[in-house]
Structure formats: C-alpha cells, structure tokens
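The structure appears right after this line, and notes come after that.
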Amino acid sequence: MSVEQALLGRRSVRAFLTRPVSRSAVERILELASQSASNSNGQPWQVHVLTGAAKDRLTAALLKAHEGGGRVQKCEFDYQPRPDEWVEPFLSRRSEFGQGLYGKTLGIEFTDLVGRDSHHRRNYEFFGAPVGIILTVSRHQLDSALIDAGLFLQAVMLTARAAGLDTCPQASFLDYYPVLRRHLNIPDDHRIVCGISLGYADKTHPLYSFTTPRQCVKDFATFYEDRAEDAIGMDGSTPGIGSLPQRPTQENSGGSEIDIDHVPWAGWMQDFPEQPGSRRH
C-alpha cells in the first residue's frame, strides 16, 4: 500500500472485530512509527499497549469512574475550548460532525442523553478493539513534544492502515487521566496525549459508513511564488502539474477522516450532563 493509499483509506473506526492482533504486528507498527521526525531528535514519546485482561481491567476502572462522576474538571493541559467557547469555522465543523455521528449514523436524538452516553462510554472499551494504546510525551520538551506526538500518532495510524489494520485516536481518556496514572506506569514528567484503538474494523456496523468531509486546498493554502502571474493557469493550476487524484469511493477505501473522538456532546454545543433545555450558547 502506498502512502497515498494509506492516507485516503485511513479513517477513525469506532467498531472493531474481536479478531486478535499479534504482538509482533503491534511491535512492527511501533518500530516503523519510531522513525517519525522529532525536535532535535528528542523522541519524547512513550506508548502503553494494553491487551487481554490488562485492557479489561483498565476499561472496568474507566467505566466505574465515568458512571461515578469521576470526570475531571480540568485536564492536564488545555486540549480544546469549552463547548461554549468554540468559534467559526470550527464551531460549524464540530456541529456537523456531531450531527452526522450521533443523529444520522446512530439515530440518536439531540435530547437522548442516555443514548449519547451509551455511545460515548464505548470509548473506554476501545470500541471493542483487541489492542488499546495510551500515548504520552515528556513535559521537559514543552509544547514541541505535542507536535512530535502528532507526528508519531499519524505514523502509527498510517502504518497500521498499510498493514490492513484500523485505528481510532481518542482524546476522551484525558477526562479520566487519574485512572490511567493509577493503572499504568506513566512517569510523572509525562503528559497523556490520547488513546488509540487498534484492530480490524467491523465493516458491518453502521458506524463504518460514517465519514467526514475535507476542505479543498484552495480553502486553506496560500501560495507565494516569485514568477510571472501568467505562469499560473486561468483555473489556478500550474502548467505541467496534473490535478491530484480524487478520493476513492467508499467501495474502494472506505473514505477518510481524522477526527478525534472526545466528548459525548461533540457537535451539540452543550456541556454534559446538562438536561435538554439548558443548552449553552
């Protein structure tokens, strides 16, 4: 599989088969991901891989904290804005994501708090994947370590896709970071970045059909070129450079998405667990 195919075929999978993944396969993925670039070659990442009973114990502890109101008020670092602090265009994109995932794909109404929570708690089961990973980075490298972590995370996801596996990056674990620290050997000088579900996608699950749109290059890129304007075609294309291939169809690759599953109210602009009618603006 080429890098292009891995990018276009990667998606955030939220339903996995119980089919096991060998330790050697996981080690190979991590070995390849370790080739990622990092600031001054600091390689500040660490991964904590969970399978079998160890994963089940962590899941049980996370669900107990979730059901007992153990969600922290403040994460270890500012991961994202509060629900009422999102601005455009991110607000609309988030709302579209939430409506597509909960409403259109899962058929969960906006007012169905039980249904939304039922889906959200599956985060802590790693969506049924046989392998769960927690990614951390050193605090000593400051915020550059978060960039390094992103590079490493992307490498894990693409390498897994090239091996025929699927993933889902999950920031939902940040809400219960004390549980992770109690159950895993995470150094005090490391920040928890996210979790990753790893396994084989359940292509029969309704969630497998869920994909998210992408912005066109012209919407986010600005080109600065030291040459005559007539070198640029009337349609904005550069002579001699063909257009990029279109994203493959659902049948070919299953689409592509890079969203990170985080909170059960994603896209609804409402803090949880407020009741319907108490929507925050």
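So you can find residues: chains in the structure tokens are A, B, ... in the order shown, residues in each start at 1, and ligands are numbered from 1 in order.
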
Interface rows for segment 15-76 of chain A against segment 158-165 of chain A: nearest pair, Å to one decimal, 12 Å, only C-alpha atoms, as a tab-separated table:
residue	atom	partner	partner_atom	distance
A:Phe16	CA	A:Leu165	CA	10.1
A:Leu17	CA	A:Leu165	CA	10.8
A:Arg19	CA	A:Leu165	CA	10.8
A:Pro20	CA	A:Leu165	CA	10.8
A:Val21	CA	A:Leu165	CA	8.8
A:Ser22	CA	A:Leu165	CA	11.4
A:Ser24	CA	A:Ala163	CA	12.0
A:Ala25	CA	A:Ala163	CA	8.3
A:Val26	CA	A:Ala160	CA	8.4
A:Glu27	CA	A:Ala160	CA	10.9
A:Arg28	CA	A:Thr159	CA	8.9
A:Ile29	CA	A:Thr159	CA	5.8
A:Leu30	CA	A:Thr159	CA	8.6
A:Glu31	CA	A:Thr159	CA	9.8
A:Leu32	CA	A:Thr159	CA	7.2
A:Ala33	CA	A:Thr159	CA	7.2
A:Ser34	CA	A:Thr159	CA	10.9
A:Gln35	CA	A:Thr159	CA	11.2
A:Ser36	CA	A:Thr159	CA	11.4

Checklist entry - What residues in segment 52-233 of chain A get the DSSP label helix (DSSP H, G or I)? Please answer as an MDAnalysis selection string. => result chainID A and resid 52:67 83:85 90:105 113:128 144:162 172:183 206:209 217:220 229:231

Item to check | Contact residues around Ala53 of chain A with only C-alpha atoms at 12 Å, ignoring same-chain residues under 6 positions, as a VMD selection string | outcome: chain A and resid 59 to 60 130 to 132

Checklist entry - If we count only C-alpha atoms, what is near Ile196 of chain A at a cut-off of 7 Å, once residues fewer than 5 positions away on the same chain are taken out, given as JSON, numbers by chain? => result {"A": [132, 133, 134, 167, 168, 169, 170]}

Next on the checklist: So the first atom is atom CA of Tyr200 of chain A and the second is atom CA of Thr18 of chain A; what is the distance between them in Å, to one decimal place?
Outcome noted: 7.9 Å

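DSSP on the backbone gives strand (DSSP E) for these parts of segment 128-243 of chain A: A:Val131, A:Gly132, A:Ile133, A:Ile134, A:Leu135, A:Thr136, A:Val137, A:Ser138, A:Asp166, A:Thr167, A:Cys168, A:Pro169, A:Gln170, A:His190, A:Arg191, A:Ile192, A:Val193, A:Cys194, A:Gly195, A:Ile196, A:Ser197, A:Leu198, A:Gly199.
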